[in-house]
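Structure file data.pdb with PDB, C-alpha atoms and all ligand atoms:
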MODEL        1
ATOM      1  CA  MET A   1      83.617-101.999  54.411  1.00  0.00           C
ATOM      2  CA  ILE A   2      82.352 -99.530  51.796  1.00  0.00           C
ATOM      3  CA  GLN A   3      79.975 -96.925  53.209  1.00  0.00           C
ATOM      4  CA  VAL A   4      77.256 -96.010  50.727  1.00  0.00           C
ATOM      5  CA  ALA A   5      74.981 -92.944  51.057  1.00  0.00           C
ATOM      6  CA  LEU A   6      71.644 -93.553  49.331  1.00  0.00           C
ATOM      7  CA  PRO A   7      69.124 -90.784  48.620  1.00  0.00           C
ATOM      8  CA  LYS A   8      65.818 -91.396  50.422  1.00  0.00           C
ATOM      9  CA  GLY A   9      62.948 -92.005  48.021  1.00  0.00           C
ATOM     10  CA  ARG A  10      62.244 -93.662  44.689  1.00  0.00           C
ATOM     11  CA  LEU A  11      65.663 -92.970  43.134  1.00  0.00           C
ATOM     12  CA  GLY A  12      67.490 -94.386  46.173  1.00  0.00           C
ATOM     13  CA  GLU A  13      65.342 -97.526  46.185  1.00  0.00           C
ATOM     14  CA  LYS A  14      66.031 -98.067  42.493  1.00  0.00           C
ATOM     15  CA  ALA A  15      69.752 -97.456  43.029  1.00  0.00           C
ATOM     16  CA  TYR A  16      69.738-100.026  45.840  1.00  0.00           C
ATOM     17  CA  GLU A  17      68.097-102.571  43.504  1.00  0.00           C
ATOM     18  CA  VAL A  18      70.916-102.074  40.995  1.00  0.00           C
ATOM     19  CA  LEU A  19      73.530-102.406  43.759  1.00  0.00           C
ATOM     20  CA  ALA A  20      71.838-105.555  45.099  1.00  0.00           C
ATOM     21  CA  ALA A  21      71.721-107.040  41.588  1.00  0.00           C
ATOM     22  CA  ALA A  22      75.401-106.170  41.273  1.00  0.00           C
ATOM     23  CA  GLY A  23      76.200-108.338  44.316  1.00  0.00           C
ATOM     24  CA  TYR A  24      75.929-105.785  47.127  1.00  0.00           C
ATOM     25  CA  GLU A  25      72.651-106.939  48.632  1.00  0.00           C
ATOM     26  CA  CYS A  26      71.729-106.147  52.216  1.00  0.00           C
ATOM     27  CA  PRO A  27      68.340-107.746  52.950  1.00  0.00           C
ATOM     28  CA  SER A  28      67.774-105.875  56.242  1.00  0.00           C
ATOM     29  CA  ILE A  29      67.363-102.655  54.219  1.00  0.00           C
ATOM     30  CA  LEU A  30      63.951-103.864  52.993  1.00  0.00           C
ATOM     31  CA  GLU A  31      62.517-104.251  56.516  1.00  0.00           C
ATOM     32  CA  LYS A  32      59.888-101.632  57.222  1.00  0.00           C
ATOM     33  CA  ASN A  33      61.237 -99.689  60.157  1.00  0.00           C
ATOM     34  CA  ARG A  34      62.806 -96.339  60.991  1.00  0.00           C
ATOM     35  CA  LYS A  35      66.395 -97.565  60.986  1.00  0.00           C
ATOM     36  CA  LEU A  36      68.805 -95.424  58.975  1.00  0.00           C
ATOM     37  CA  THR A  37      71.856 -97.662  58.589  1.00  0.00           C
ATOM     38  CA  PHE A  38      72.104-101.241  57.328  1.00  0.00           C
ATOM     39  CA  GLU A  39      75.111-103.434  56.837  1.00  0.00           C
ATOM     40  CA  ASN A  40      76.073-106.721  55.291  1.00  0.00           C
ATOM     41  CA  PRO A  41      79.576-107.551  56.553  1.00  0.00           C
ATOM     42  CA  GLU A  42      79.824-110.540  54.206  1.00  0.00           C
ATOM     43  CA  LYS A  43      79.499-108.243  51.205  1.00  0.00           C
ATOM     44  CA  GLY A  44      81.601-105.546  52.854  1.00  0.00           C
ATOM     45  CA  VAL A  45      78.932-102.892  52.482  1.00  0.00           C
ATOM     46  CA  ARG A  46      77.098-100.494  54.772  1.00  0.00           C
ATOM     47  CA  TYR A  47      74.205 -98.369  53.509  1.00  0.00           C
ATOM     48  CA  PHE A  48      72.526 -95.334  54.967  1.00  0.00           C
ATOM     49  CA  TRP A  49      69.595 -93.229  53.806  1.00  0.00           C
ATOM     50  CA  VAL A  50      70.014 -89.471  53.669  1.00  0.00           C
ATOM     51  CA  LYS A  51      68.126 -86.538  52.201  1.00  0.00           C
ATOM     52  CA  PRO A  52      68.910 -86.502  48.433  1.00  0.00           C
ATOM     53  CA  SER A  53      70.480 -83.049  48.583  1.00  0.00           C
ATOM     54  CA  ASP A  54      72.741 -84.190  51.478  1.00  0.00           C
ATOM     55  CA  VAL A  55      74.343 -87.206  49.749  1.00  0.00           C
ATOM     56  CA  SER A  56      77.171 -85.131  48.279  1.00  0.00           C
ATOM     57  CA  ILE A  57      77.926 -83.564  51.690  1.00  0.00           C
ATOM     58  CA  TYR A  58      78.376 -87.010  53.302  1.00  0.00           C
ATOM     59  CA  VAL A  59      80.577 -88.128  50.410  1.00  0.00           C
ATOM     60  CA  GLU A  60      82.633 -84.925  50.179  1.00  0.00           C
ATOM     61  CA  ARG A  61      83.451 -85.050  53.883  1.00  0.00           C
ATOM     62  CA  GLY A  62      84.194 -88.778  53.889  1.00  0.00           C
ATOM     63  CA  ALA A  63      81.328 -89.887  56.162  1.00  0.00           C
ATOM     64  CA  ALA A  64      80.381 -91.998  53.140  1.00  0.00           C
ATOM     65  CA  ASP A  65      82.886 -93.459  50.668  1.00  0.00           C
ATOM     66  CA  VAL A  66      80.442 -93.411  47.788  1.00  0.00           C
ATOM     67  CA  GLY A  67      76.900 -92.288  47.091  1.00  0.00           C
ATOM     68  CA  ILE A  68      74.167 -91.782  44.537  1.00  0.00           C
ATOM     69  CA  ALA A  69      73.445 -88.151  43.712  1.00  0.00           C
ATOM     70  CA  GLY A  70      71.510 -86.341  41.010  1.00  0.00           C
ATOM     71  CA  LYS A  71      73.547 -84.296  38.525  1.00  0.00           C
ATOM     72  CA  ASP A  72      71.359 -81.322  39.554  1.00  0.00           C
ATOM     73  CA  ILE A  73      72.778 -81.488  43.087  1.00  0.00           C
ATOM     74  CA  LEU A  74      76.349 -81.830  41.758  1.00  0.00           C
ATOM     75  CA  LEU A  75      75.951 -78.809  39.468  1.00  0.00           C
ATOM     76  CA  GLU A  76      74.342 -76.715  42.177  1.00  0.00           C
ATOM     77  CA  TYR A  77      76.593 -77.514  45.181  1.00  0.00           C
ATOM     78  CA  ARG A  78      79.785 -78.405  43.256  1.00  0.00           C
ATOM     79  CA  PRO A  79      81.105 -80.841  45.880  1.00  0.00           C
ATOM     80  CA  ASP A  80      84.766 -81.827  45.650  1.00  0.00           C
ATOM     81  CA  VAL A  81      84.121 -85.498  44.770  1.00  0.00           C
ATOM     82  CA  TYR A  82      84.790 -87.844  41.863  1.00  0.00           C
ATOM     83  CA  GLU A  83      81.921 -88.680  39.560  1.00  0.00           C
ATOM     84  CA  LEU A  84      82.583 -92.311  38.615  1.00  0.00           C
ATOM     85  CA  LEU A  85      79.516 -93.396  36.663  1.00  0.00           C
ATOM     86  CA  ASP A  86      76.347 -92.134  35.012  1.00  0.00           C
ATOM     87  CA  LEU A  87      73.664 -94.482  36.344  1.00  0.00           C
ATOM     88  CA  LYS A  88      71.264 -93.396  33.584  1.00  0.00           C
ATOM     89  CA  MET A  89      68.344 -93.399  35.997  1.00  0.00           C
ATOM     90  CA  GLY A  90      66.404 -90.586  37.630  1.00  0.00           C
ATOM     91  CA  ARG A  91      66.464 -88.879  34.260  1.00  0.00           C
ATOM     92  CA  CYS A  92      64.910 -85.430  33.965  1.00  0.00           C
ATOM     93  CA  ARG A  93      65.747 -81.950  32.625  1.00  0.00           C
ATOM     94  CA  MET A  94      66.690 -78.687  34.293  1.00  0.00           C
ATOM     95  CA  CYS A  95      64.465 -76.136  32.553  1.00  0.00           C
ATOM     96  CA  VAL A  96      63.410 -72.561  32.440  1.00  0.00           C
ATOM     97  CA  ALA A  97      59.602 -72.636  32.654  1.00  0.00           C
ATOM     98  CA  GLY A  98      56.913 -70.034  32.759  1.00  0.00           C
ATOM     99  CA  PRO A  99      53.479 -69.040  31.482  1.00  0.00           C
ATOM    100  CA  GLU A 100      52.787 -70.609  28.058  1.00  0.00           C
ATOM    101  CA  ASP A 101      52.617 -67.151  26.417  1.00  0.00           C
ATOM    102  CA  PHE A 102      55.644 -65.722  28.254  1.00  0.00           C
ATOM    103  CA  TYR A 103      57.462 -62.889  26.468  1.00  0.00           C
ATOM    104  CA  ASP A 104      60.914 -61.996  27.804  1.00  0.00           C
ATOM    105  CA  ASP A 105      61.223 -58.187  27.714  1.00  0.00           C
ATOM    106  CA  PRO A 106      64.995 -57.562  27.405  1.00  0.00           C
ATOM    107  CA  ASN A 107      64.608 -54.106  28.950  1.00  0.00           C
ATOM    108  CA  LYS A 108      63.486 -55.556  32.271  1.00  0.00           C
ATOM    109  CA  THR A 109      65.388 -57.538  34.875  1.00  0.00           C
ATOM    110  CA  LEU A 110      64.075 -61.085  34.703  1.00  0.00           C
ATOM    111  CA  ARG A 111      62.772 -62.403  38.027  1.00  0.00           C
ATOM    112  CA  VAL A 112      63.717 -66.094  38.363  1.00  0.00           C
ATOM    113  CA  ALA A 113      62.447 -68.298  41.200  1.00  0.00           C
ATOM    114  CA  THR A 114      64.429 -71.474  41.864  1.00  0.00           C
ATOM    115  CA  LYS A 115      65.850 -74.008  44.283  1.00  0.00           C
ATOM    116  CA  PHE A 116      69.029 -73.917  42.149  1.00  0.00           C
ATOM    117  CA  PRO A 117      70.486 -70.388  42.312  1.00  0.00           C
ATOM    118  CA  HIS A 118      73.959 -71.388  41.020  1.00  0.00           C
ATOM    119  CA  ILE A 119      72.615 -73.267  38.009  1.00  0.00           C
ATOM    120  CA  ALA A 120      70.201 -70.432  37.193  1.00  0.00           C
ATOM    121  CA  GLY A 121      72.876 -67.785  37.786  1.00  0.00           C
ATOM    122  CA  ASP A 122      75.442 -69.539  35.540  1.00  0.00           C
ATOM    123  CA  TYR A 123      72.889 -70.063  32.783  1.00  0.00           C
ATOM    124  CA  TYR A 124      71.774 -66.449  32.586  1.00  0.00           C
ATOM    125  CA  GLU A 125      75.308 -65.125  33.061  1.00  0.00           C
ATOM    126  CA  SER A 126      76.391 -67.126  30.003  1.00  0.00           C
ATOM    127  CA  ARG A 127      73.669 -65.307  28.090  1.00  0.00           C
ATOM    128  CA  SER A 128      74.507 -61.909  29.642  1.00  0.00           C
ATOM    129  CA  ARG A 129      70.919 -61.647  30.861  1.00  0.00           C
ATOM    130  CA  ASP A 130      70.287 -59.530  33.951  1.00  0.00           C
ATOM    131  CA  ILE A 131      68.270 -61.472  36.507  1.00  0.00           C
ATOM    132  CA  ASP A 132      66.959 -61.235  40.031  1.00  0.00           C
ATOM    133  CA  ILE A 133      67.135 -64.666  41.681  1.00  0.00           C
ATOM    134  CA  ILE A 134      64.440 -65.546  44.186  1.00  0.00           C
ATOM    135  CA  LYS A 135      65.603 -68.604  46.141  1.00  0.00           C
ATOM    136  CA  LEU A 136      62.750 -70.878  47.199  1.00  0.00           C
ATOM    137  CA  ASN A 137      62.775 -74.315  48.809  1.00  0.00           C
ATOM    138  CA  GLY A 138      59.858 -76.063  47.114  1.00  0.00           C
ATOM    139  CA  SER A 139      56.591 -75.664  45.179  1.00  0.00           C
ATOM    140  CA  ILE A 140      58.529 -73.414  42.797  1.00  0.00           C
ATOM    141  CA  GLU A 141      55.657 -73.457  40.252  1.00  0.00           C
ATOM    142  CA  LEU A 142      53.647 -71.203  42.549  1.00  0.00           C
ATOM    143  CA  ALA A 143      56.009 -68.274  42.021  1.00  0.00           C
ATOM    144  CA  PRO A 144      54.982 -67.228  38.468  1.00  0.00           C
ATOM    145  CA  ILE A 145      51.347 -68.055  39.194  1.00  0.00           C
ATOM    146  CA  LEU A 146      51.264 -65.595  42.096  1.00  0.00           C
ATOM    147  CA  GLY A 147      53.459 -63.009  40.353  1.00  0.00           C
ATOM    148  CA  LEU A 148      56.426 -63.546  42.663  1.00  0.00           C
ATOM    149  CA  SER A 149      58.618 -64.261  39.618  1.00  0.00           C
ATOM    150  CA  ASP A 150      58.449 -64.125  35.807  1.00  0.00           C
ATOM    151  CA  VAL A 151      59.887 -67.616  35.258  1.00  0.00           C
ATOM    152  CA  ILE A 152      61.289 -70.546  37.231  1.00  0.00           C
ATOM    153  CA  VAL A 153      64.367 -72.726  36.850  1.00  0.00           C
ATOM    154  CA  ASP A 154      63.414 -76.195  38.009  1.00  0.00           C
ATOM    155  CA  ILE A 155      63.444 -79.929  37.365  1.00  0.00           C
ATOM    156  CA  VAL A 156      60.965 -81.204  34.779  1.00  0.00           C
ATOM    157  CA  GLU A 157      60.393 -84.940  34.710  1.00  0.00           C
ATOM    158  CA  THR A 158      56.987 -85.823  33.236  1.00  0.00           C
ATOM    159  CA  GLY A 159      55.949 -82.177  32.788  1.00  0.00           C
ATOM    160  CA  ASN A 160      52.707 -82.867  34.667  1.00  0.00           C
ATOM    161  CA  THR A 161      53.289 -80.296  37.397  1.00  0.00           C
ATOM    162  CA  LEU A 162      53.849 -77.562  34.816  1.00  0.00           C
ATOM    163  CA  ARG A 163      50.852 -78.594  32.663  1.00  0.00           C
ATOM    164  CA  GLU A 164      48.473 -78.789  35.590  1.00  0.00           C
ATOM    165  CA  ASN A 165      49.446 -75.258  36.529  1.00  0.00           C
ATOM    166  CA  HIS A 166      49.200 -73.807  32.992  1.00  0.00           C
ATOM    167  CA  LEU A 167      52.949 -73.390  32.726  1.00  0.00           C
ATOM    168  CA  ALA A 168      55.276 -74.705  30.017  1.00  0.00           C
ATOM    169  CA  PRO A 169      58.966 -75.579  29.662  1.00  0.00           C
ATOM    170  CA  LEU A 170      60.560 -72.666  27.750  1.00  0.00           C
ATOM    171  CA  GLU A 171      64.250 -73.670  27.525  1.00  0.00           C
ATOM    172  CA  THR A 172      66.266 -76.738  28.528  1.00  0.00           C
ATOM    173  CA  ILE A 173      69.380 -75.854  30.506  1.00  0.00           C
ATOM    174  CA  VAL A 174      70.832 -79.342  31.002  1.00  0.00           C
ATOM    175  CA  ASP A 175      69.829 -83.028  31.031  1.00  0.00           C
ATOM    176  CA  ILE A 176      70.005 -84.626  34.472  1.00  0.00           C
ATOM    177  CA  SER A 177      70.549 -88.203  35.673  1.00  0.00           C
ATOM    178  CA  ALA A 178      71.826 -89.951  38.807  1.00  0.00           C
ATOM    179  CA  ARG A 179      75.588 -90.332  39.265  1.00  0.00           C
ATOM    180  CA  PHE A 180      77.748 -92.702  41.323  1.00  0.00           C
ATOM    181  CA  ILE A 181      80.075 -90.388  43.261  1.00  0.00           C
ATOM    182  CA  CYS A 182      83.113 -91.072  45.402  1.00  0.00           C
ATOM    183  CA  ASN A 183      85.097 -89.392  48.170  1.00  0.00           C
ATOM    184  CA  LYS A 184      88.571 -88.444  46.944  1.00  0.00           C
ATOM    185  CA  VAL A 185      90.483 -89.949  49.873  1.00  0.00           C
ATOM    186  CA  SER A 186      88.420 -93.162  49.821  1.00  0.00           C
ATOM    187  CA  TYR A 187      89.215 -93.463  46.117  1.00  0.00           C
ATOM    188  CA  LYS A 188      92.886 -93.699  47.041  1.00  0.00           C
ATOM    189  CA  PHE A 189      92.611 -95.996  50.031  1.00  0.00           C
ATOM    190  CA  LYS A 190      89.737 -98.263  48.942  1.00  0.00           C
ATOM    191  CA  TYR A 191      90.567 -98.067  45.244  1.00  0.00           C
ATOM    192  CA  GLN A 192      90.005-101.725  44.370  1.00  0.00           C
ATOM    193  CA  GLU A 193      86.766-102.147  46.333  1.00  0.00           C
ATOM    194  CA  ILE A 194      85.322 -98.952  44.900  1.00  0.00           C
ATOM    195  CA  LEU A 195      86.299 -99.733  41.327  1.00  0.00           C
ATOM    196  CA  ALA A 196      84.854-103.238  41.728  1.00  0.00           C
ATOM    197  CA  MET A 197      81.576-101.653  42.859  1.00  0.00           C
ATOM    198  CA  ARG A 198      81.608 -99.211  39.960  1.00  0.00           C
ATOM    199  CA  ASP A 199      82.298-101.983  37.425  1.00  0.00           C
ATOM    200  CA  ALA A 200      79.584-104.213  38.887  1.00  0.00           C
ATOM    201  CA  LEU A 201      77.138-101.285  38.659  1.00  0.00           C
ATOM    202  CA  ALA A 202      78.139-100.476  35.094  1.00  0.00           C
ATOM    203  CA  LYS A 203      77.541-104.105  34.094  1.00  0.00           C
ATOM    204  CA  ASN A 204      74.064-104.164  35.604  1.00  0.00           C
ATOM    205  CA  LEU A 205      72.728-100.936  34.093  1.00  0.00           C
TER
HETATM  206  C1  LIG A 301      60.002 -81.645  41.504  1.00  0.00           C
HETATM  207  C2  LIG A 301      60.164 -80.373  40.707  1.00  0.00           C
HETATM  208  C3  LIG A 301      58.790 -80.192  40.097  1.00  0.00           C
HETATM  209  C4  LIG A 301      58.349 -81.624  39.871  1.00  0.00           C
HETATM  210  C5  LIG A 301      58.557 -81.985  38.411  1.00  0.00           C
HETATM  211  O1  LIG A 301      59.405 -81.334  42.701  1.00  0.00           O
HETATM  212  O2  LIG A 301      60.524 -79.299  41.555  1.00  0.00           O
HETATM  213  O3  LIG A 301      57.930 -79.541  40.976  1.00  0.00           O
HETATM  214  O4  LIG A 301      59.173 -82.466  40.694  1.00  0.00           O
HETATM  215  O5  LIG A 301      58.084 -83.278  38.113  1.00  0.00           O
HETATM  216  P1  LIG A 301      57.068 -83.526  36.903  1.00  0.00           P
HETATM  217  O6  LIG A 301      57.611 -82.852  35.685  1.00  0.00           O
HETATM  218  O7  LIG A 301      57.056 -85.031  36.768  1.00  0.00           O
HETATM  219  O8  LIG A 301      55.733 -83.000  37.302  1.00  0.00           O
HETATM  220  P2  LIG A 301      59.471 -82.228  43.988  1.00  0.00           P
HETATM  221  O9  LIG A 301      58.516 -83.363  43.850  1.00  0.00           O
HETATM  222  O10 LIG A 301      60.879 -82.616  44.247  1.00  0.00           O
HETATM  223  O11 LIG A 301      58.901 -81.271  45.130  1.00  0.00           O
HETATM  224  P3  LIG A 301      59.174 -79.734  45.508  1.00  0.00           P
HETATM  225  O12 LIG A 301      57.924 -79.023  45.137  1.00  0.00           O
HETATM  226  O13 LIG A 301      59.404 -79.789  46.986  1.00  0.00           O
HETATM  227  O14 LIG A 301      60.344 -79.203  44.745  1.00  0.00           O
ENDMDL
END
Structure re-expressed in structure tokens:
Amino acid sequence: MIQVALPKGRLGEKAYEVLAAAGYECPSILEKNRKLTFENPEKGVRYFWVKPSDVSIYVERGAADVGIAGKDILLEYRPDVYELLDLKMGRCRMCVAGPEDFYDDPNKTLRVATKFPHIAGDYYESRSRDIDIIKLNGSIELAPILGLSDVIVDIVETGNTLRENHLAPLETIVDISARFICNKVSYKFKYQEILAMRDALAKNL
């Protein structure tokens, strides 16, 4: 049985559709209830829904053999897992954003609000820019509006959230998409099953 951690939400549902099309269907997953785990012994697969930012924790620690995680989560938390496939879905960009007319005064420490302190820290370190990171957990766009920060480092998908708040993307740090990840021990012991799943996914993208 391959244990698959799926991220709750739109990305996870889409990922499940690709897995089902690839031959790993599990009809009970579509029932509307509060159940968290679903299995189809015939297909040798067991799914469970977890918070998107927790997928890599389940996979790293072997509670799941494989999972679907955003590249943003992998860059931020750097889990010790294998990244087996770019699923080319859940595409977005990690950006620096701020007021449309933002001017970066190099003589001042830049205040950066973000849910991604490692990504932001690495980016500004590579540019030798002194920053003060303000770690938030959501609604990051509020920070520059209320003067809590100068800019934000955050995910931009359609750009609507920024536009509606009179903010603009200023720099792109990295392109993001969903990845098929794998526990390192499972990769050894369930090698054929996991590679078969990866190949079936790759074919159905
Ligand atoms: C994410 C991100 C932006 C928004 C970007 O937030 O943090 O706020 O989506 O999408 P857009 O460019 O299509 O507008 P999320 O919905 O995850 O909620 P959050 O405020 O809790 O971070």
With the file shown as input, list the residues that the PyMOL selection byres (((not hetatm)) within 6 of (chain A and resi 301)) selects, as a ChimeraX atom specification. /A:138-139,154-161
Restricting it to C-alpha atoms, dump the selection as a compact mmCIF listing (two decimals), in the frame of the given file.
# COMPACT_ATOMS: atom_id res chain seq x y z
CA GLY A 138 59.86 -76.06 47.11
CA SER A 139 56.59 -75.66 45.18
CA ASP A 154 63.41 -76.19 38.01
CA ILE A 155 63.44 -79.93 37.36
CA VAL A 156 60.96 -81.20 34.78
CA GLU A 157 60.39 -84.94 34.71
CA THR A 158 56.99 -85.82 33.24
CA GLY A 159 55.95 -82.18 32.79
CA ASN A 160 52.71 -82.87 34.67
CA THR A 161 53.29 -80.30 37.40
Tell me which protein, DNA and RNA residues are within 10 Å of Tyr16 of chain A, counting only C-alpha atoms, leaving out same-chain ones fewer than 3 positions away, and put them as a VMD selection string. chain A and resid 4 6 to 7 10 to 13 19 to 22 24 to 26 29 to 30 47 68
Translate the PyMOL selection byres (((chain A and resi 136) around 10) and not hetatm), as applied to the file shown, into an explicit residue set as an mmCIF file with C-alpha atoms, keeping the file's coordinate frame.
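Contents of part.cif, freshly written:
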data_model
loop_
_atom_site.group_PDB
_atom_site.id
_atom_site.type_symbol
_atom_site.label_atom_id
_atom_site.label_comp_id
_atom_site.auth_asym_id
_atom_site.auth_seq_id
_atom_site.Cartn_x
_atom_site.Cartn_y
_atom_site.Cartn_z
ATOM 1 C CA ALA A 113 62.447 -68.298 41.200
ATOM 2 C CA THR A 114 64.429 -71.474 41.864
ATOM 3 C CA LYS A 115 65.850 -74.008 44.283
ATOM 4 C CA PHE A 116 69.029 -73.917 42.149
ATOM 5 C CA PRO A 117 70.486 -70.388 42.312
ATOM 6 C CA ILE A 133 67.135 -64.666 41.681
ATOM 7 C CA ILE A 134 64.440 -65.546 44.186
ATOM 8 C CA LYS A 135 65.603 -68.604 46.141
ATOM 9 C CA ASN A 137 62.775 -74.315 48.809
ATOM 10 C CA GLY A 138 59.858 -76.063 47.114
ATOM 11 C CA SER A 139 56.591 -75.664 45.179
ATOM 12 C CA ILE A 140 58.529 -73.414 42.797
ATOM 13 C CA ALA A 143 56.009 -68.274 42.021
#
I would like the residues chosen by the PyMOL selection byres (((chain A and resi 55) around 7) and not hetatm) on the shown file; could you give them as a list in words? Ala5, Leu6, Pro7, Val50, Lys51, Pro52, Ser53, Asp54, Ser56, Ile57, Tyr58, Val59, Gly67, Ile68 and Ala69 of chain A
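The interatomic distance for the pair atom CA of Ile181 of chain A and atom CA of Ile152 of chain A works out to 28.0 Å.
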Option closest in space to Glu42 of chain A, from A:Leu170, A:Val18, A:Leu75, A:Met1 [counting only C-alpha atoms]: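 Counting only C-alpha atoms, the residue closest to Glu42 of chain A is A:Met1.
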If I take atom CA of Phe102 of chain A and atom CA of His118 of chain A, how far is one from the other in Å, to one decimal?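 Straight-line distance from atom CA of Phe102 of chain A to atom CA of His118 of chain A works out to 23.0 Å.
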